[in-house]
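The file coords-v7.csv contains CSV, C-alpha atoms:
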chain,number,residue,atom,x,y,z
T,827,MET,CA,24.9,-8.1,11.8
T,828,THR,CA,21.6,-6.5,13.1
T,829,SER,CA,19.6,-9.1,15.1
T,830,GLU,CA,16.1,-10.1,14.3
T,831,ASN,CA,14.7,-8.6,17.5
T,832,THR,CA,16.6,-5.3,16.9
T,833,LEU,CA,15.1,-5.0,13.4
T,834,ARG,CA,11.6,-5.7,14.8
T,835,ASP,CA,12.1,-3.1,17.5
T,836,LYS,CA,13.2,-0.5,14.9
T,837,LEU,CA,10.0,-1.1,12.9
T,838,GLN,CA,7.9,-1.0,16.0
T,839,ALA,CA,9.6,2.3,16.8
T,840,VAL,CA,8.4,3.6,13.4
T,841,ARG,CA,4.8,3.4,14.6
T,842,THR,CA,5.7,5.5,17.6
T,843,GLU,CA,7.3,8.2,15.4
T,844,VAL,CA,4.4,8.3,12.9
T,845,ALA,CA,2.0,8.6,15.8
T,846,ARG,CA,3.7,11.9,16.7
T,847,ALA,CA,2.1,13.4,13.6
T,848,VAL,CA,-0.9,11.1,12.8
T,849,VAL,CA,-3.6,10.2,15.3
T,850,GLY,CA,-5.6,7.0,15.3
T,851,GLN,CA,-4.3,5.3,12.1
T,852,ASP,CA,-2.2,2.5,13.6
T,853,ALA,CA,-3.7,-0.1,11.2
T,854,ALA,CA,-2.7,1.9,8.2
T,855,VAL,CA,0.9,2.4,9.5
T,856,THR,CA,1.1,-1.4,10.0
T,857,SER,CA,-0.2,-1.9,6.4
T,858,LEU,CA,2.5,0.4,5.0
T,859,LEU,CA,5.2,-1.5,6.9
T,860,ILE,CA,3.8,-4.8,5.6
T,861,GLY,CA,4.0,-3.3,2.1
T,862,LEU,CA,7.6,-2.5,2.5
T,863,LEU,CA,8.4,-5.9,3.9
T,864,CYS,CA,6.6,-7.7,1.0
T,865,ARG,CA,7.9,-5.5,-1.8
T,866,GLY,CA,4.3,-4.5,-2.3
T,867,HIS,CA,2.3,-1.3,-2.9
T,868,VAL,CA,-0.4,0.1,-0.7
T,869,LEU,CA,-3.6,2.0,-1.7
T,870,LEU,CA,-5.1,4.3,0.9
T,871,GLU,CA,-8.7,5.2,0.5
T,872,GLY,CA,-10.7,7.7,2.5
T,873,VAL,CA,-12.6,11.0,2.3
T,874,PRO,CA,-10.4,14.2,2.0
T,875,GLY,CA,-8.9,15.3,5.2
T,876,VAL,CA,-8.2,12.0,7.1
T,877,ALA,CA,-4.4,12.4,6.9
T,878,LYS,CA,-3.7,10.0,4.0
T,879,THR,CA,-0.9,12.2,2.6
T,880,LEU,CA,0.4,13.1,6.1
T,881,LEU,CA,0.6,9.4,7.0
T,882,VAL,CA,2.9,8.6,4.0
T,883,ARG,CA,5.1,11.6,4.6
T,884,SER,CA,5.4,10.7,8.3
T,885,LEU,CA,6.4,7.1,7.5
T,886,SER,CA,9.1,8.4,5.1
T,887,ALA,CA,10.5,10.7,7.8
T,888,ALA,CA,10.6,7.8,10.3
T,889,ILE,CA,12.4,5.4,8.0
T,890,SER,CA,14.8,7.8,6.2
T,891,LEU,CA,13.6,7.0,2.7
T,892,GLU,CA,13.9,9.2,-0.3
T,893,THR,CA,10.4,10.2,-1.1
T,894,ARG,CA,8.7,12.0,-4.0
T,895,ARG,CA,5.2,13.2,-4.2
T,896,VAL,CA,3.1,13.4,-7.4
T,897,GLN,CA,-0.2,15.2,-7.4
T,898,PHE,CA,-2.4,13.3,-9.9
T,899,THR,CA,-4.5,15.6,-12.0
T,900,PRO,CA,-6.6,15.2,-15.2
T,901,ASP,CA,-3.9,16.8,-17.3
T,902,LEU,CA,-1.0,14.7,-15.9
T,903,MET,CA,0.9,12.9,-18.6
T,904,PRO,CA,2.7,9.5,-18.3
T,905,GLY,CA,6.1,11.1,-18.9
T,906,ASP,CA,5.4,13.3,-15.9
T,907,ILE,CA,5.7,10.2,-13.8
T,908,THR,CA,8.3,7.9,-15.5
T,909,GLY,CA,10.4,10.6,-17.2
T,910,SER,CA,10.9,11.6,-20.8
T,911,LEU,CA,13.5,12.1,-23.5
T,912,VAL,CA,14.8,15.6,-23.6
T,913,TYR,CA,16.9,17.1,-26.4
T,914,ASP,CA,20.3,18.3,-25.3
T,915,ALA,CA,21.4,21.1,-27.7
T,916,ARG,CA,25.0,20.8,-26.5
T,917,THR,CA,25.5,17.2,-27.5
T,918,GLY,CA,22.8,17.1,-30.2
T,919,GLU,CA,21.4,13.9,-28.7
T,920,PHE,CA,18.3,13.0,-26.7
T,921,GLU,CA,18.8,12.3,-23.0
T,922,PHE,CA,16.4,10.5,-20.7
T,923,ARG,CA,15.4,12.7,-17.8
T,924,ARG,CA,14.2,10.5,-14.9
T,925,GLY,CA,10.8,11.2,-13.4
T,926,PRO,CA,9.7,11.1,-9.8
T,927,VAL,CA,9.1,7.4,-9.9
T,928,PHE,CA,12.8,6.9,-9.4
T,929,THR,CA,12.7,7.0,-5.7
T,930,HIS,CA,12.3,4.7,-2.7
T,931,LEU,CA,8.8,5.8,-1.7
T,932,MET,CA,6.5,7.4,-4.3
T,933,LEU,CA,3.4,9.1,-3.0
T,934,ALA,CA,0.8,9.0,-5.7
T,935,ASP,CA,-1.6,11.6,-4.3
T,936,GLU,CA,-5.2,11.2,-5.4
T,937,ILE,CA,-4.3,8.6,-8.0
T,938,ASN,CA,-7.9,8.3,-9.2
T,939,ARG,CA,-8.1,11.9,-10.3
T,940,THR,CA,-6.1,11.2,-13.5
T,941,PRO,CA,-7.3,9.3,-16.6
T,942,PRO,CA,-6.5,5.6,-17.1
T,943,LYS,CA,-3.7,6.3,-19.6
T,944,THR,CA,-1.6,8.0,-17.0
T,945,GLN,CA,-2.6,5.6,-14.2
T,946,ALA,CA,-1.2,2.8,-16.5
T,947,ALA,CA,2.2,4.5,-16.6
T,948,LEU,CA,2.8,3.1,-13.2
T,949,LEU,CA,2.0,-0.6,-14.1
T,950,GLU,CA,5.5,-1.5,-15.3
T,951,ALA,CA,7.2,0.3,-12.4
T,952,MET,CA,4.9,-1.4,-9.8
T,953,GLU,CA,5.2,-4.9,-11.3
T,954,GLU,CA,8.6,-5.1,-12.9
T,955,ARG,CA,10.3,-2.4,-10.8
T,956,GLN,CA,11.8,-0.8,-13.9
T,957,VAL,CA,11.0,1.8,-16.5
T,958,SER,CA,11.5,1.2,-20.2
T,959,ALA,CA,12.8,4.2,-22.1
T,960,ASP,CA,14.4,4.5,-25.5
T,961,GLY,CA,14.8,0.8,-26.0
T,962,SER,CA,16.4,0.1,-22.6
T,963,SER,CA,15.2,-0.8,-19.1
T,964,LEU,CA,16.1,1.3,-16.2
T,965,PRO,CA,15.9,-0.3,-12.7
T,966,LEU,CA,14.2,1.5,-9.9
T,967,PRO,CA,15.8,1.9,-6.5
T,968,ASP,CA,15.4,-0.8,-3.8
T,969,PRO,CA,13.3,-0.6,-1.7
T,970,PHE,CA,10.6,0.9,-4.0
T,971,MET,CA,7.0,1.2,-3.0
T,972,VAL,CA,4.1,3.2,-4.4
T,973,ALA,CA,1.8,4.5,-1.7
T,974,ALA,CA,-1.3,5.8,-3.5
T,975,THR,CA,-4.1,7.8,-2.0
T,976,GLN,CA,-7.6,8.0,-3.5
T,977,ASN,CA,-10.9,9.5,-2.7
T,978,PRO,CA,-14.0,7.2,-2.9
T,979,VAL,CA,-15.2,6.9,-6.5
T,980,GLU,CA,-18.6,8.5,-5.8
T,981,TYR,CA,-16.8,11.8,-5.4
T,982,GLU,CA,-16.9,14.1,-8.5
T,983,GLY,CA,-13.9,14.2,-10.8
T,984,THR,CA,-12.6,10.7,-10.1
T,985,TYR,CA,-11.7,7.8,-12.5
T,986,PRO,CA,-12.1,4.3,-11.0
T,987,LEU,CA,-8.8,2.4,-11.2
T,988,PRO,CA,-8.9,-0.5,-13.7
T,989,GLU,CA,-8.7,-4.1,-12.4
T,990,ALA,CA,-5.2,-4.6,-13.7
T,991,GLN,CA,-3.9,-1.7,-11.8
T,992,LEU,CA,-5.8,-2.5,-8.6
T,993,ASP,CA,-4.3,-6.0,-8.7
T,994,ARG,CA,-0.8,-4.5,-8.5
T,995,PHE,CA,-1.6,-3.2,-5.0
T,996,LEU,CA,-0.7,-5.6,-2.2
T,997,LEU,CA,-3.1,-3.9,0.2
T,998,LYS,CA,-6.1,-1.5,0.1
T,999,VAL,CA,-6.6,0.2,3.4
T,1000,THR,CA,-9.7,2.2,4.2
T,1001,LEU,CA,-9.0,5.2,6.5
T,1002,ASN,CA,-12.1,6.1,8.5
T,1003,LEU,CA,-13.1,9.3,10.1
T,1004,PRO,CA,-11.6,9.6,13.7
T,1005,GLU,CA,-13.5,8.8,16.8
T,1006,ARG,CA,-14.5,11.7,19.1
T,1007,ASP,CA,-11.6,11.4,21.5
T,1008,GLN,CA,-9.2,11.1,18.5
T,1009,GLU,CA,-10.6,14.2,16.9
T,1010,ILE,CA,-10.2,16.1,20.2
T,1011,GLU,CA,-6.5,14.9,20.2
T,1012,ILE,CA,-6.1,16.3,16.7
T,1013,LEU,CA,-7.6,19.6,17.7
T,1014,THR,CA,-5.4,19.7,20.8
T,1015,ARG,CA,-2.3,19.3,18.8
T,1016,HIS,CA,-3.3,22.0,16.3
T,1017,ALA,CA,-4.2,24.3,19.1
T,1018,ALA,CA,-0.7,23.8,20.5
T,1019,GLY,CA,0.9,24.8,17.2
T,1020,PHE,CA,1.2,21.5,15.2
T,1021,SER,CA,1.8,22.0,11.5
T,1022,PRO,CA,1.4,19.1,9.1
T,1023,SER,CA,4.0,20.7,6.9
T,1024,ASP,CA,6.7,20.6,9.6
T,1025,LEU,CA,7.2,17.1,10.7
T,1026,ALA,CA,10.6,17.9,12.3
T,1027,ALA,CA,8.9,20.3,14.7
T,1028,ALA,CA,6.4,17.6,15.6
T,1029,GLY,CA,9.4,15.4,16.7
T,1030,VAL,CA,9.3,12.8,14.0
T,1031,THR,CA,12.8,11.5,13.5
T,1032,ALA,CA,14.3,8.6,11.5
T,1033,VAL,CA,14.6,5.4,13.6
T,1034,ALA,CA,15.1,3.0,10.7
T,1035,SER,CA,16.8,3.0,7.3
T,1036,ALA,CA,16.4,1.4,3.8
T,1037,GLU,CA,19.1,-1.2,4.8
T,1038,ASP,CA,17.0,-2.1,7.8
T,1039,ILE,CA,14.0,-2.7,5.6
T,1040,GLN,CA,16.1,-5.0,3.3
T,1041,LEU,CA,17.4,-7.0,6.3
T,1042,ALA,CA,13.9,-7.3,7.8
T,1043,ARG,CA,12.6,-8.6,4.4
T,1044,ALA,CA,15.0,-11.4,4.6
T,1045,GLN,CA,13.9,-12.3,8.1
T,1046,ALA,CA,10.2,-12.1,7.2
T,1047,ALA,CA,10.8,-14.4,4.3
T,1048,THR,CA,11.8,-17.2,6.7
T,1049,VAL,CA,8.4,-17.3,8.4
T,1050,GLN,CA,6.9,-20.8,7.9
T,1051,ALA,CA,3.5,-21.7,6.6
T,1052,SER,CA,2.1,-25.1,7.4
T,1053,PRO,CA,0.3,-27.1,4.7
T,1054,GLU,CA,-2.9,-26.6,6.7
T,1055,VAL,CA,-2.5,-22.8,6.6
T,1056,LEU,CA,-1.7,-22.9,2.9
T,1057,GLY,CA,-4.9,-24.9,2.3
T,1058,TYR,CA,-6.8,-22.4,4.4
T,1059,ILE,CA,-5.6,-19.5,2.2
T,1060,ALA,CA,-6.5,-21.5,-1.0
T,1061,ASP,CA,-10.0,-22.3,0.4
T,1062,ILE,CA,-10.6,-18.6,1.1
T,1063,ALA,CA,-9.6,-17.6,-2.4
T,1064,ARG,CA,-11.7,-20.4,-4.0
T,1065,ALA,CA,-14.7,-19.3,-1.9
T,1066,THR,CA,-14.6,-15.9,-3.5
T,1067,ARG,CA,-14.8,-17.5,-7.0
T,1068,THR,CA,-17.9,-19.4,-6.2
T,1069,SER,CA,-19.7,-16.7,-4.2
T,1070,PRO,CA,-23.0,-15.7,-5.8
T,1071,SER,CA,-22.3,-12.1,-4.7
T,1072,PHE,CA,-19.1,-11.8,-6.7
T,1073,GLN,CA,-18.8,-11.7,-10.5
T,1074,LEU,CA,-15.0,-11.7,-10.2
T,1075,GLY,CA,-13.2,-13.7,-7.5
T,1076,VAL,CA,-9.6,-13.6,-6.3
T,1077,SER,CA,-6.8,-14.8,-8.7
T,1078,PRO,CA,-3.8,-16.8,-7.6
T,1079,ARG,CA,-1.9,-13.4,-7.4
T,1080,GLY,CA,-4.4,-12.5,-4.6
T,1081,SER,CA,-3.8,-15.7,-2.7
T,1082,THR,CA,0.0,-15.3,-2.8
T,1083,ALA,CA,-0.4,-11.7,-1.7
T,1084,LEU,CA,-2.4,-12.9,1.3
T,1085,LEU,CA,0.3,-15.4,2.1
T,1086,ASN,CA,3.1,-12.9,1.9
T,1087,ALA,CA,1.3,-10.3,3.9
T,1088,SER,CA,0.5,-12.9,6.6
T,1089,LYS,CA,4.1,-13.8,6.8
T,1090,ALA,CA,5.1,-10.2,7.3
T,1091,TRP,CA,2.5,-9.6,9.9
T,1092,ALA,CA,3.5,-12.8,11.8
T,1093,TRP,CA,7.1,-11.6,11.8
T,1094,LEU,CA,6.2,-8.2,13.1
T,1095,SER,CA,4.2,-10.0,15.8
T,1096,GLY,CA,7.3,-11.9,16.8
T,1097,ARG,CA,6.5,-15.3,15.4
T,1098,ASP,CA,8.2,-17.5,12.9
T,1099,TYR,CA,5.1,-19.2,11.7
T,1100,ILE,CA,1.7,-18.1,10.2
T,1101,SER,CA,-1.4,-18.7,12.3
T,1102,PRO,CA,-5.0,-18.7,10.9
T,1103,ASP,CA,-5.5,-15.5,12.9
T,1104,ASP,CA,-2.8,-13.8,10.8
T,1105,VAL,CA,-4.6,-14.8,7.6
T,1106,GLN,CA,-8.0,-13.6,8.9
T,1107,ALA,CA,-6.5,-10.2,9.9
T,1108,LEU,CA,-5.2,-9.6,6.4
T,1109,VAL,CA,-8.2,-10.9,4.3
T,1110,LEU,CA,-10.0,-7.6,4.0
T,1111,PRO,CA,-7.0,-5.3,3.1
T,1112,CYS,CA,-5.5,-8.0,0.8
T,1113,LEU,CA,-8.7,-9.1,-1.1
T,1114,ARG,CA,-11.3,-6.2,-1.0
T,1115,HIS,CA,-9.9,-4.6,-4.1
T,1116,ARG,CA,-9.4,-7.9,-6.0
T,1117,VAL,CA,-13.1,-8.9,-6.1
T,1118,SER,CA,-16.0,-7.4,-8.1
T,1119,LEU,CA,-19.5,-7.4,-6.9
T,1120,ARG,CA,-22.4,-8.4,-9.1
T,1121,PRO,CA,-24.7,-5.5,-10.0
T,1122,GLU,CA,-27.6,-7.0,-8.1
T,1123,ALA,CA,-25.5,-7.2,-4.9
T,1124,GLU,CA,-24.5,-3.6,-5.3
T,1125,MET,CA,-28.1,-2.6,-5.7
T,1126,ASP,CA,-28.9,-4.3,-2.4
T,1127,GLY,CA,-26.3,-2.1,-0.8
T,1128,VAL,CA,-23.9,-5.0,-0.1
T,1129,THR,CA,-20.2,-4.2,0.2
T,1130,ALA,CA,-17.2,-6.4,-0.7
T,1131,ASP,CA,-16.1,-6.2,2.9
T,1132,GLN,CA,-19.4,-7.6,4.1
T,1133,VAL,CA,-19.3,-10.5,1.6
T,1134,LEU,CA,-15.7,-11.4,2.5
T,1135,THR,CA,-16.4,-11.3,6.2
T,1136,SER,CA,-19.4,-13.6,5.6
T,1137,LEU,CA,-17.3,-16.0,3.5
T,1138,LEU,CA,-14.7,-16.3,6.3
T,1139,SER,CA,-17.3,-17.8,8.6
T,1140,THR,CA,-18.0,-20.5,6.0
T,1141,VAL,CA,-14.4,-21.6,5.4
T,1142,PRO,CA,-13.2,-24.3,7.9
T,1143,VAL,CA,-10.4,-23.0,10.1
T,1144,PRO,CA,-7.4,-25.4,10.5
T,1145,ARG,CA,-6.7,-26.5,14.1

Go through the file and emit its structure as structure tokens.
Amino acid sequence: MTSENTLRDKLQAVRTEVARAVVGQDAAVTSLLIGLLCRGHVLLEGVPGVAKTLLVRSLSAAISLETRRVQFTPDLMPGDITGSLVYDARTGEFEFRRGPVFTHLMLADEINRTPPKTQAALLEAMEERQVSADGSSLPLPDPFMVAATQNPVEYEGTYPLPEAQLDRFLLKVTLNLPERDQEIEILTRHAAGFSPSDLAAAGVTAVASAEDIQLARAQAATVQASPEVLGYIADIARATRTSPSFQLGVSPRGSTALLNASKAWAWLSGRDYISPDDVQALVLPCLRHRVSLRPEAEMDGVTADQVLTSLLSTVPVPR
């Protein structure tokens, strides 16, 4: 049986492989790995051109996962994602033709460019890991993760994701523009002939498998959380519900997401217990999309990240 250290080394090697194609997005790579370990989904937000799609494709190439990409557009229909009934003239019966959601890693590219009706087609798949069709439920492969990209909502032609859909994402990661030295590295790679469409030429190879992910999940699930740390997570969640800047705080689903993500991060860091530092490191990606600012706070230019960071300083840290 694969040892715990070997599994951890394989997932650490995934970061190295992804870095062959993507520059300066280590935190986003870690978030995607945490999503896989927690059976969660990840939302990547950033302006066009910061390698959101390339990041997911590189991860898939490094872990040997079956991946399908769906470009979300205003005319995309729910059946284009989940599948649809097709009449078979030879048998005279309707047959369900599976859609691209039946895969290990689904890249939902620019998910906020399609109307809510089509966005909602993913809800059952993300939560129940199945698709209902013709009166029966069809299970999705394991592992299954939706990695969705979106442009900030202030850009034209976008539809804000509804709260119910946002809550299905374990993490929301913001991809920032690269620093100057990172941008020079990107230009250097392209000047040397790097092509985002040819990851094999960039040297990205599979260093882990779907089975490794399943084994690593079992190991990460054994990470312990002390009563003090559990109380710390609960206090953070409750602080969001009483904050005058939020009209909607974090639900219990959000606090359990913070717990599970902290366990995965602790395991990746080589520990069998959660520390308060683990919780603090995951507060923003776990909770920023589960809160809603009051209009007056938005008018003052306050962001959810700023409020959450401020709240952290008011919650007593367990010793």

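The gap separating atom CA of Leu858 of chain T from atom CA of Ser1069 of chain T is 29.5 Å, in Å to one decimal.
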
Set the distance at 12 Å and use all atoms listed in the file: which residues neighbour Gly1057 of chain T once local chain neighbours fewer than 2 positions away are removed? I'd like the list as an MDAnalysis selection string. chainID T and resid 1051:1055 1059:1064 1081:1082 1085 1102 1105 1141:1144

Since we have the selection now, will you write its residues out, keeping C-alpha atoms, as a PDB file, in the frame of the given file?
ATOM      1  CA  ALA T1051       3.500 -21.700   6.600  1.00  0.00           C
ATOM      2  CA  SER T1052       2.100 -25.100   7.400  1.00  0.00           C
ATOM      3  CA  PRO T1053       0.300 -27.100   4.700  1.00  0.00           C
ATOM      4  CA  GLU T1054      -2.900 -26.600   6.700  1.00  0.00           C
ATOM      5  CA  VAL T1055      -2.500 -22.800   6.600  1.00  0.00           C
ATOM      6  CA  ILE T1059      -5.600 -19.500   2.200  1.00  0.00           C
ATOM      7  CA  ALA T1060      -6.500 -21.500  -1.000  1.00  0.00           C
ATOM      8  CA  ASP T1061     -10.000 -22.300   0.400  1.00  0.00           C
ATOM      9  CA  ILE T1062     -10.600 -18.600   1.100  1.00  0.00           C
ATOM     10  CA  ALA T1063      -9.600 -17.600  -2.400  1.00  0.00           C
ATOM     11  CA  ARG T1064     -11.700 -20.400  -4.000  1.00  0.00           C
ATOM     12  CA  SER T1081      -3.800 -15.700  -2.700  1.00  0.00           C
ATOM     13  CA  THR T1082       0.000 -15.300  -2.800  1.00  0.00           C
ATOM     14  CA  LEU T1085       0.300 -15.400   2.100  1.00  0.00           C
ATOM     15  CA  PRO T1102      -5.000 -18.700  10.900  1.00  0.00           C
ATOM     16  CA  VAL T1105      -4.600 -14.800   7.600  1.00  0.00           C
ATOM     17  CA  VAL T1141     -14.400 -21.600   5.400  1.00  0.00           C
ATOM     18  CA  PRO T1142     -13.200 -24.300   7.900  1.00  0.00           C
ATOM     19  CA  VAL T1143     -10.400 -23.000  10.100  1.00  0.00           C
ATOM     20  CA  PRO T1144      -7.400 -25.400  10.500  1.00  0.00           C
TER      21      PRO T1144
END

Just the residues within 9 Å of Glu953 of chain T, please, counting all atoms listed in the file, with nothing from its chain fewer than 4 positions along; format it as a VMD selection string. chain T and resid 948 to 949 994

Pairwise distance for atom CA of Ser1088 of chain T and atom CA of Arg865 of chain T, rounded to one decimal in Å: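 Atom CA of Arg865 of chain T lies 13.4 Å from atom CA of Ser1088 of chain T.
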
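Comparing the minimum interatomic distances between Ser857 of chain T and each of T:Leu870, T:Arg1067, T:Ser884, T:Arg939, counting only C-alpha atoms, we find that T:Leu870 sits nearest.
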